[in-house]
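Trainee: work28.cif is reproduced below (mmCIF, C-alpha atoms and all ligand atoms).
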```cif
data_target
loop_
_atom_site.group_PDB
_atom_site.id
_atom_site.type_symbol
_atom_site.label_atom_id
_atom_site.label_comp_id
_atom_site.auth_asym_id
_atom_site.auth_seq_id
_atom_site.Cartn_x
_atom_site.Cartn_y
_atom_site.Cartn_z
ATOM 1 C CA MET A 1 119.289 46.978 175.240
ATOM 2 C CA ILE A 2 122.085 44.636 174.099
ATOM 3 C CA PRO A 3 125.226 45.404 176.125
ATOM 4 C CA LEU A 4 128.396 46.410 174.302
ATOM 5 C CA ILE A 5 131.752 45.050 175.456
ATOM 6 C CA ALA A 6 134.498 47.028 173.733
ATOM 7 C CA ALA A 7 138.228 46.321 173.635
ATOM 8 C CA ASN A 8 140.551 49.296 173.356
ATOM 9 C CA TRP A 9 143.919 47.821 172.424
ATOM 10 C CA LYS A 10 145.563 51.265 172.484
ATOM 11 C CA MET A 11 149.136 50.982 171.098
ATOM 12 C CA HIS A 12 149.387 47.230 171.607
ATOM 13 C CA GLY A 13 149.430 44.316 169.209
ATOM 14 C CA ARG A 14 151.057 43.099 166.002
ATOM 15 C CA LYS A 15 149.535 41.719 162.863
ATOM 16 C CA ASP A 16 149.713 38.176 164.196
ATOM 17 C CA TRP A 17 147.126 39.184 166.801
ATOM 18 C CA THR A 18 144.599 38.003 164.244
ATOM 19 C CA ALA A 19 145.206 34.690 166.040
ATOM 20 C CA LYS A 20 143.711 36.199 169.197
ATOM 21 C CA ILE A 21 140.571 37.099 167.309
ATOM 22 C CA THR A 22 140.305 33.632 165.826
ATOM 23 C CA GLU A 23 140.744 32.214 169.329
ATOM 24 C CA LEU A 24 138.002 34.474 170.664
ATOM 25 C CA GLN A 25 135.643 33.513 167.868
ATOM 26 C CA ASP A 26 136.315 29.823 168.426
ATOM 27 C CA ARG A 27 135.639 30.146 172.126
ATOM 28 C CA LEU A 28 132.425 32.089 171.527
ATOM 29 C CA LYS A 29 131.087 29.512 169.116
ATOM 30 C CA GLY A 30 127.723 28.153 170.128
ATOM 31 C CA GLN A 31 127.243 30.619 172.990
ATOM 32 C CA ARG A 32 123.867 32.331 173.134
ATOM 33 C CA GLY A 33 122.768 35.675 174.506
ATOM 34 C CA LEU A 34 126.145 37.269 173.954
ATOM 35 C CA PRO A 35 126.673 41.031 174.158
ATOM 36 C CA GLU A 36 127.846 42.958 171.122
ATOM 37 C CA ILE A 37 131.640 42.756 170.959
ATOM 38 C CA LEU A 38 133.820 45.534 169.582
ATOM 39 C CA ILE A 39 137.578 45.514 169.023
ATOM 40 C CA CYS A 40 139.481 48.768 168.471
ATOM 41 C CA PRO A 41 143.002 47.832 167.344
ATOM 42 C CA PRO A 42 145.742 50.288 166.378
ATOM 43 C CA SER A 43 144.539 51.752 163.086
ATOM 44 C CA ILE A 44 147.446 50.388 161.048
ATOM 45 C CA TYR A 45 146.178 46.873 161.778
ATOM 46 C CA LEU A 46 142.547 47.601 161.109
ATOM 47 C CA GLY A 47 142.674 46.124 157.614
ATOM 48 C CA VAL A 48 144.460 42.902 158.412
ATOM 49 C CA LEU A 49 142.536 42.261 161.629
ATOM 50 C CA GLY A 50 139.321 43.347 159.987
ATOM 51 C CA VAL A 51 139.280 40.392 157.654
ATOM 52 C CA GLU A 52 139.223 38.100 160.672
ATOM 53 C CA VAL A 53 136.975 40.295 162.826
ATOM 54 C CA LYS A 54 134.375 40.766 160.152
ATOM 55 C CA ARG A 55 133.774 37.098 159.753
ATOM 56 C CA LYS A 56 131.139 37.165 162.396
ATOM 57 C CA ARG A 57 129.734 38.694 165.512
ATOM 58 C CA ILE A 58 132.577 41.083 166.244
ATOM 59 C CA SER A 59 132.492 44.770 165.365
ATOM 60 C CA LEU A 60 135.569 46.789 164.539
ATOM 61 C CA GLY A 61 136.476 50.293 165.630
ATOM 62 C CA GLY A 62 139.049 53.056 165.395
ATOM 63 C CA GLN A 63 140.612 54.743 168.429
ATOM 64 C CA SER A 64 140.393 58.346 167.187
ATOM 65 C CA CYS A 65 140.000 60.256 163.940
ATOM 66 C CA HIS A 66 140.590 63.613 162.332
ATOM 67 C CA PHE A 67 137.442 65.649 161.753
ATOM 68 C CA GLU A 68 138.245 66.486 158.119
ATOM 69 C CA ARG A 69 137.488 64.024 155.335
ATOM 70 C CA ASP A 70 140.833 64.459 153.497
ATOM 71 C CA GLY A 71 143.651 66.965 153.562
ATOM 72 C CA ALA A 72 147.176 67.903 154.499
ATOM 73 C CA PHE A 73 147.142 66.380 157.991
ATOM 74 C CA THR A 74 150.247 64.239 158.228
ATOM 75 C CA GLY A 75 149.797 61.170 160.369
ATOM 76 C CA ASP A 76 146.039 61.544 160.735
ATOM 77 C CA MET A 77 143.181 59.316 159.622
ATOM 78 C CA SER A 78 139.680 60.388 158.655
ATOM 79 C CA ALA A 79 136.452 58.714 159.708
ATOM 80 C CA GLU A 80 135.838 57.902 156.027
ATOM 81 C CA MET A 81 139.120 55.962 155.975
ATOM 82 C CA TYR A 82 138.023 53.918 158.973
ATOM 83 C CA ALA A 83 134.695 53.260 157.284
ATOM 84 C CA ASP A 84 136.553 52.232 154.137
ATOM 85 C CA MET A 85 138.482 49.623 156.140
ATOM 86 C CA GLY A 86 135.332 48.161 157.665
ATOM 87 C CA ALA A 87 135.054 49.974 160.994
ATOM 88 C CA ASP A 88 131.654 50.375 162.627
ATOM 89 C CA TYR A 89 132.660 52.585 165.555
ATOM 90 C CA ILE A 90 135.292 55.211 166.420
ATOM 91 C CA LEU A 91 136.316 56.261 169.926
ATOM 92 C CA CYS A 92 136.174 60.046 170.334
ATOM 93 C CA GLY A 93 137.891 61.928 173.133
ATOM 94 C CA HIS A 94 139.488 59.064 175.023
ATOM 95 C CA SER A 95 141.280 60.631 177.989
ATOM 96 C CA GLU A 96 144.670 59.638 176.538
ATOM 97 C CA ARG A 97 143.814 61.651 173.399
ATOM 98 C CA ARG A 98 142.596 64.532 175.526
ATOM 99 C CA GLN A 99 145.794 64.366 177.616
ATOM 100 C CA TYR A 100 148.534 63.609 175.070
ATOM 101 C CA HIS A 101 147.036 65.161 171.932
ATOM 102 C CA ASP A 102 145.307 68.136 173.483
ATOM 103 C CA GLU A 103 141.898 67.137 172.196
ATOM 104 C CA GLY A 104 139.318 69.344 173.867
ATOM 105 C CA ASP A 105 135.531 69.071 173.951
ATOM 106 C CA SER A 106 134.974 71.070 170.762
ATOM 107 C CA GLU A 107 137.389 68.879 168.813
ATOM 108 C CA VAL A 108 135.701 65.778 170.203
ATOM 109 C CA ARG A 109 132.386 67.206 169.029
ATOM 110 C CA ASP A 110 133.805 67.781 165.532
ATOM 111 C CA GLN A 111 135.137 64.221 165.484
ATOM 112 C CA CYS A 112 131.725 62.949 166.459
ATOM 113 C CA LEU A 113 130.160 64.806 163.525
ATOM 114 C CA ALA A 114 132.841 63.357 161.235
ATOM 115 C CA VAL A 115 132.052 59.858 162.496
ATOM 116 C CA TRP A 116 128.388 60.400 161.628
ATOM 117 C CA ARG A 117 129.287 61.866 158.238
ATOM 118 C CA ALA A 118 131.065 58.554 157.532
ATOM 119 C CA GLY A 119 127.987 56.621 158.666
ATOM 120 C CA LEU A 120 129.620 55.170 161.799
ATOM 121 C CA THR A 121 128.856 55.245 165.529
ATOM 122 C CA ALA A 122 130.825 57.497 167.881
ATOM 123 C CA VAL A 123 131.926 56.235 171.295
ATOM 124 C CA VAL A 124 132.342 59.494 173.187
ATOM 125 C CA CYS A 125 134.578 59.187 176.250
ATOM 126 C CA ILE A 126 134.237 61.421 179.301
ATOM 127 C CA GLY A 127 135.513 61.259 182.876
ATOM 128 C CA GLU A 128 137.026 63.232 185.713
ATOM 129 C CA THR A 129 140.636 63.300 186.898
ATOM 130 C CA GLU A 130 141.600 62.342 190.425
ATOM 131 C CA GLY A 131 141.990 65.991 191.425
ATOM 132 C CA GLU A 132 138.581 66.908 190.046
ATOM 133 C CA ARG A 133 136.991 64.078 191.984
ATOM 134 C CA ALA A 134 138.844 65.014 195.175
ATOM 135 C CA SER A 135 137.534 68.557 194.955
ATOM 136 C CA GLY A 136 133.967 67.317 194.522
ATOM 137 C CA ASN A 137 133.691 68.458 190.898
ATOM 138 C CA THR A 138 132.881 65.155 189.214
ATOM 139 C CA THR A 139 129.347 65.996 188.101
ATOM 140 C CA ASP A 140 130.315 69.486 186.925
ATOM 141 C CA ILE A 141 133.113 68.018 184.819
ATOM 142 C CA LEU A 142 130.832 65.368 183.337
ATOM 143 C CA ASP A 143 128.216 68.021 182.526
ATOM 144 C CA ARG A 144 130.789 70.233 180.868
ATOM 145 C CA GLN A 145 132.181 67.369 178.800
ATOM 146 C CA LEU A 146 128.715 66.162 177.788
ATOM 147 C CA LYS A 147 127.653 69.653 176.785
ATOM 148 C CA GLY A 148 130.851 70.371 174.863
ATOM 149 C CA SER A 149 131.438 66.977 173.242
ATOM 150 C CA LEU A 150 127.980 65.806 172.145
ATOM 151 C CA PRO A 151 126.477 67.382 169.032
ATOM 152 C CA GLU A 152 122.735 67.788 168.539
ATOM 153 C CA GLY A 153 121.200 64.672 167.096
ATOM 154 C CA ILE A 154 122.643 61.911 169.269
ATOM 155 C CA ASN A 155 120.617 58.714 169.351
ATOM 156 C CA ALA A 156 120.959 55.021 170.125
ATOM 157 C CA GLU A 157 122.330 54.216 166.669
ATOM 158 C CA ASN A 158 124.922 56.925 166.229
ATOM 159 C CA CYS A 159 126.273 57.366 169.751
ATOM 160 C CA VAL A 160 127.620 55.439 172.732
ATOM 161 C CA ILE A 161 128.959 57.235 175.800
ATOM 162 C CA ALA A 162 131.830 55.792 177.846
ATOM 163 C CA TYR A 163 132.294 57.017 181.408
ATOM 164 C CA GLU A 164 135.954 56.507 182.239
ATOM 165 C CA PRO A 165 137.308 58.158 185.375
ATOM 166 C CA VAL A 166 140.832 59.137 184.301
ATOM 167 C CA TRP A 167 142.315 57.964 187.614
ATOM 168 C CA ALA A 168 140.847 54.468 187.140
ATOM 169 C CA ILE A 169 142.360 53.873 183.698
ATOM 170 C CA GLY A 170 145.184 51.351 183.831
ATOM 171 C CA THR A 171 145.614 51.748 187.580
ATOM 172 C CA GLY A 172 143.720 48.737 188.927
ATOM 173 C CA ARG A 173 141.585 51.155 190.964
ATOM 174 C CA THR A 174 137.881 51.611 190.328
ATOM 175 C CA PRO A 175 135.201 53.806 191.873
ATOM 176 C CA THR A 176 132.808 52.043 194.262
ATOM 177 C CA LEU A 177 129.773 50.427 192.677
ATOM 178 C CA LYS A 178 127.679 53.164 194.254
ATOM 179 C CA ASP A 179 129.823 55.860 192.640
ATOM 180 C CA ILE A 180 129.582 54.188 189.233
ATOM 181 C CA ARG A 181 125.805 53.869 189.609
ATOM 182 C CA GLN A 182 125.484 57.519 190.574
ATOM 183 C CA ALA A 183 127.695 58.734 187.725
ATOM 184 C CA HIS A 184 125.775 56.688 185.156
ATOM 185 C CA SER A 185 122.396 57.788 186.418
ATOM 186 C CA HIS A 186 123.619 61.381 186.363
ATOM 187 C CA ILE A 187 124.795 60.994 182.747
ATOM 188 C CA ARG A 188 121.498 59.367 181.715
ATOM 189 C CA ASN A 189 119.433 62.144 183.302
ATOM 190 C CA ARG A 190 121.617 64.794 181.816
ATOM 191 C CA ILE A 191 121.423 63.537 178.237
ATOM 192 C CA LEU A 192 117.676 62.975 178.561
ATOM 193 C CA LYS A 193 117.314 66.558 179.688
ATOM 194 C CA SER A 194 119.463 68.052 176.951
ATOM 195 C CA HIS A 195 118.720 65.685 174.054
ATOM 196 C CA GLY A 196 115.240 64.402 174.867
ATOM 197 C CA ARG A 197 113.802 60.945 174.340
ATOM 198 C CA ALA A 198 116.310 60.061 171.610
ATOM 199 C CA ALA A 199 118.898 59.742 174.387
ATOM 200 C CA LYS A 200 116.952 56.962 176.062
ATOM 201 C CA GLY A 201 118.481 54.036 174.213
ATOM 202 C CA ILE A 202 122.050 55.353 174.138
ATOM 203 C CA ARG A 203 124.385 52.808 175.668
ATOM 204 C CA LEU A 204 126.471 54.022 178.588
ATOM 205 C CA LEU A 205 129.694 52.064 179.039
ATOM 206 C CA TYR A 206 131.877 52.051 182.115
ATOM 207 C CA GLY A 207 135.650 52.007 181.553
ATOM 208 C CA GLY A 208 138.668 52.023 183.858
ATOM 209 C CA SER A 209 140.285 48.850 185.238
ATOM 210 C CA VAL A 210 137.449 46.521 184.279
ATOM 211 C CA LYS A 211 138.685 42.987 185.014
ATOM 212 C CA PRO A 212 137.128 39.526 185.150
ATOM 213 C CA ALA A 213 136.894 39.915 188.946
ATOM 214 C CA ASN A 214 134.780 43.094 188.933
ATOM 215 C CA ALA A 215 132.991 42.871 185.567
ATOM 216 C CA ALA A 216 129.826 41.054 186.664
ATOM 217 C CA ASP A 217 129.132 43.501 189.508
ATOM 218 C CA ILE A 218 129.765 46.572 187.354
ATOM 219 C CA LEU A 219 127.800 45.273 184.367
ATOM 220 C CA ALA A 220 124.798 44.443 186.563
ATOM 221 C CA LEU A 221 124.380 48.082 187.650
ATOM 222 C CA PRO A 222 121.432 50.052 186.276
ATOM 223 C CA ASP A 223 122.380 52.318 183.372
ATOM 224 C CA VAL A 224 125.630 50.431 182.804
ATOM 225 C CA ASP A 225 125.116 49.041 179.313
ATOM 226 C CA GLY A 226 128.567 47.650 178.702
ATOM 227 C CA ALA A 227 132.249 48.222 179.280
ATOM 228 C CA LEU A 228 135.255 49.747 177.560
ATOM 229 C CA VAL A 229 138.197 47.518 178.418
ATOM 230 C CA GLY A 230 141.882 48.346 177.991
ATOM 231 C CA GLY A 231 144.467 46.120 179.699
ATOM 232 C CA ALA A 232 142.174 43.151 180.272
ATOM 233 C CA SER A 233 141.237 43.045 176.572
ATOM 234 C CA LEU A 234 144.770 42.196 175.463
ATOM 235 C CA GLU A 235 144.492 38.578 176.613
ATOM 236 C CA MET A 236 141.546 36.656 175.249
ATOM 237 C CA ASP A 237 141.192 34.683 178.481
ATOM 238 C CA SER A 238 140.354 37.761 180.495
ATOM 239 C CA PHE A 239 138.438 39.504 177.720
ATOM 240 C CA LEU A 240 136.265 36.425 177.256
ATOM 241 C CA LYS A 241 135.484 36.309 180.973
ATOM 242 C CA ILE A 242 134.346 39.942 180.806
ATOM 243 C CA ILE A 243 132.188 39.184 177.754
ATOM 244 C CA GLU A 244 130.625 36.269 179.622
ATOM 245 C CA ALA A 245 129.961 38.451 182.661
ATOM 246 C CA ALA A 246 127.600 40.711 180.680
ATOM 247 C CA PRO A 247 123.937 40.253 181.612
ATOM 248 C CA LYS A 248 122.110 37.959 179.185
HETATM 249 P P1 LIG F 301 141.981 49.952 181.346
HETATM 250 O O1 LIG F 301 141.726 51.026 180.173
HETATM 251 O O2 LIG F 301 140.899 48.911 181.212
HETATM 252 O O3 LIG F 301 143.353 49.409 181.067
HETATM 253 O O4 LIG F 301 141.882 50.689 182.638
HETATM 254 C C1 LIG F 301 140.427 51.432 179.813
HETATM 255 C C2 LIG F 301 140.483 52.470 178.736
HETATM 256 O O5 LIG F 301 141.410 53.289 178.723
HETATM 257 O O6 LIG F 301 139.622 52.510 177.852
#
```
What would the structure in this file look like if it were written as structure tokens?
Ligand code: PGA

Mentor:
Amino acid sequence: MIPLIAANWKMHGRKDWTAKITELQDRLKGQRGLPEILICPPSIYLGVLGVEVKRKRISLGGQSCHFERDGAFTGDMSAEMYADMGADYILCGHSERRQYHDEGDSEVRDQCLAVWRAGLTAVVCIGETEGERASGNTTDILDRQLKGSLPEGINAENCVIAYEPVWAIGTGRTPTLKDIRQAHSHIRNRILKSHGRAAKGIRLLYGGSVKPANAADILALPDVDGALVGGASLEMDSFLKIIEAAPK
């Protein structure tokens, strides 16, 4: 399985960040055995960055979408609009969307279906809060989110799952390698059980304070098929180091 290293720029960047993408492409030139690279910029910049991104080897993604195709939804963007601007992926249910925009599992599921309707791949984000982990509920929470957020019909082409413990996002703290391994193996077993063999090739990303210093260890774990990177994806130096840390 080719690993996926995804950058979630969140609400960072300006249109001149195309220079960062050019820099990344220049520095990747000639390298072999690279993972798939995905950049999810703020949607307003998708078009301008897309021209640069699309030139080669880098995929483009949205950070969220509305589940309707068109309509009176001020400020929203549909999956078809992302597809129109050249996106390949859309994040669904990132914890910041769940937290600040009240997106629950059923909405995430609807978004996922919208992403498929537009012919794109959904990156479905799940993860427990600090309190849920402290009370020993991590696996229950993951099960509930998987059950509620994933529609029937997931497969390796239309779905990627990102495990992002909420308490690890942007904090510089990560679970132990053993905890990450256990969570990923739990997620793999769970989706195999509920979705059958089609779930076998689905890539499971880890996200939450992935940095150049911890990337190689995390990416070498079984059932970790890539990373979703926030803060460390904003500088190409650190993002490149994470890309290079992916198993060949
Ligand atoms: P972080 O963010 O790498 O800054 O922790 C990850 C994410 O929110 O996807």

Trainee: For each of A:Gln31, A:Gln111, A:Thr138, A:Ser95, take the minimum atom-to-atom distance to ligand LIG 301 (chain F), counting only C-alpha atoms and all ligand atoms, then give the residue where this is smallest.

Mentor: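 Distance minimum relative to ligand LIG 301 (chain F) lands on A:Ser95.
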
Trainee: Would you list the residues that come within 7 Å of ligand LIG 301 (chain F)? Count only C-alpha atoms and all ligand atoms and give the answer as a list of chain:residue names.

Mentor: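 So, counting only C-alpha atoms and all ligand atoms, the residues near ligand LIG 301 (chain F) are A:Asn8, A:Glu164, A:Ala168, A:Ile169, A:Gly170, A:Thr171, A:Gly172, A:Gly207, A:Gly208, A:Ser209, A:Val210, A:Leu228, A:Val229, A:Gly230, A:Gly231, A:Ala232.
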
Trainee: Considering all atoms listed in the file, can you say which of A:Leu192, A:Ala246, A:Met81, A:Val224 comes closest to Pro212 of chain A?

Mentor: A:Ala246

Trainee: Using only C-alpha atoms, find all polymer residues with an atom at most 7 Å away from the point (123.7, 45.3, 174.7); report them as a PDB file with C-alpha atoms, in the frame of the given file.

Mentor:
```
ATOM      1  CA  MET A   1     119.289  46.978 175.240  1.00  0.00           C
ATOM      2  CA  ILE A   2     122.085  44.636 174.099  1.00  0.00           C
ATOM      3  CA  PRO A   3     125.226  45.404 176.125  1.00  0.00           C
ATOM      4  CA  LEU A   4     128.396  46.410 174.302  1.00  0.00           C
ATOM      5  CA  PRO A  35     126.673  41.031 174.158  1.00  0.00           C
ATOM      6  CA  GLU A  36     127.846  42.958 171.122  1.00  0.00           C
ATOM      7  CA  ASP A 225     125.116  49.041 179.313  1.00  0.00           C
ATOM      8  CA  GLY A 226     128.567  47.650 178.702  1.00  0.00           C
TER       9      GLY A 226
END
```

Trainee: Under the PyMOL selection byres (((chain A and resi 241) around 12) and not hetatm), which residues of this model are included? Write them out as a list in words.

Mentor: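 Those residues are Ile5, Leu24, Arg27, Leu28, Leu34, Val210, Lys211, Pro212, Ala213, Asn214, Ala215, Ala216, Val229, Ala232, Ser233, Glu235, Met236, Asp237, Ser238, Phe239, Leu240, Ile242, Ile243, Glu244, Ala245 and Ala246 of chain A.
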
Trainee: Quick one: of A:Gln99, A:Ser185, A:Asn155, A:Ala199, who's nearest to Glu128 of chain A, counting all atoms listed in the file?

Mentor: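 With all atoms listed in the file as the atom set, the closest residue is A:Gln99.
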
Trainee: For Gly131 of chain A, which residue among A:Ser149, A:Gln25, A:Arg117, A:Val166 is the nearest when counting all atoms listed in the file?

Mentor: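 Among the listed residues, the smallest separation from Gly131 of chain A belongs to A:Val166.
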
Trainee: Could you check the closest approach to Lys200 of chain A for each of A:Ile37, A:Leu150, A:Cys125, A:Ile187 and tell me which residue wins, using all atoms listed in the file?

Mentor: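 Checking each candidate against Lys200 of chain A, we get A:Ile187 as the closest.
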
Trainee: Could you jot down the atom CA of His94 of chain A to atom CA of Val124 of chain A separation for me, Å, one decimal place?

Mentor: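 Atom CA of Val124 of chain A lies at a distance of 7.4 Å from atom CA of His94 of chain A.
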
Trainee: Rebuild segment 172-185 of chain A to N, CA and C atoms - output it as an mmCIF file, in the coordinates of the input, please.

Mentor:
```
data_model
loop_
_atom_site.group_PDB
_atom_site.id
_atom_site.type_symbol
_atom_site.label_atom_id
_atom_site.label_comp_id
_atom_site.auth_asym_id
_atom_site.auth_seq_id
_atom_site.Cartn_x
_atom_site.Cartn_y
_atom_site.Cartn_z
ATOM 1 N N GLY A 172 144.214 49.808 188.062
ATOM 2 C CA GLY A 172 143.720 48.737 188.927
ATOM 3 C C GLY A 172 142.768 49.273 189.990
ATOM 4 N N ARG A 173 142.537 50.584 189.991
ATOM 5 C CA ARG A 173 141.585 51.155 190.964
ATOM 6 C C ARG A 173 140.281 51.485 190.238
ATOM 7 N N THR A 174 139.178 51.256 190.929
ATOM 8 C CA THR A 174 137.881 51.611 190.328
ATOM 9 C C THR A 174 137.077 52.401 191.366
ATOM 10 N N PRO A 175 136.112 53.182 190.906
ATOM 11 C CA PRO A 175 135.201 53.806 191.873
ATOM 12 C C PRO A 175 134.384 52.706 192.558
ATOM 13 N N THR A 176 133.706 53.032 193.648
ATOM 14 C CA THR A 176 132.808 52.043 194.262
ATOM 15 C C THR A 176 131.635 51.821 193.313
ATOM 16 N N LEU A 177 130.936 50.707 193.528
ATOM 17 C CA LEU A 177 129.773 50.427 192.677
ATOM 18 C C LEU A 177 128.754 51.548 192.812
ATOM 19 N N LYS A 178 128.639 52.075 194.032
ATOM 20 C CA LYS A 178 127.679 53.164 194.254
ATOM 21 C C LYS A 178 128.079 54.399 193.442
ATOM 22 N N ASP A 179 129.362 54.697 193.419
ATOM 23 C CA ASP A 179 129.823 55.860 192.640
ATOM 24 C C ASP A 179 129.578 55.667 191.146
ATOM 25 N N ILE A 180 129.815 54.445 190.662
ATOM 26 C CA ILE A 180 129.582 54.188 189.233
ATOM 27 C C ILE A 180 128.087 54.347 188.932
ATOM 28 N N ARG A 181 127.258 53.786 189.820
ATOM 29 C CA ARG A 181 125.805 53.869 189.609
ATOM 30 C C ARG A 181 125.358 55.333 189.564
ATOM 31 N N GLN A 182 125.881 56.103 190.520
ATOM 32 C CA GLN A 182 125.484 57.519 190.574
ATOM 33 C C GLN A 182 125.938 58.279 189.333
ATOM 34 N N ALA A 183 127.176 58.025 188.900
ATOM 35 C CA ALA A 183 127.695 58.734 187.725
ATOM 36 C C ALA A 183 126.864 58.378 186.495
ATOM 37 N N HIS A 184 126.544 57.103 186.340
ATOM 38 C CA HIS A 184 125.775 56.688 185.156
ATOM 39 C C HIS A 184 124.360 57.240 185.185
ATOM 40 N N SER A 185 123.760 57.256 186.381
ATOM 41 C CA SER A 185 122.396 57.788 186.418
ATOM 42 C C SER A 185 122.427 59.298 186.173
#
```
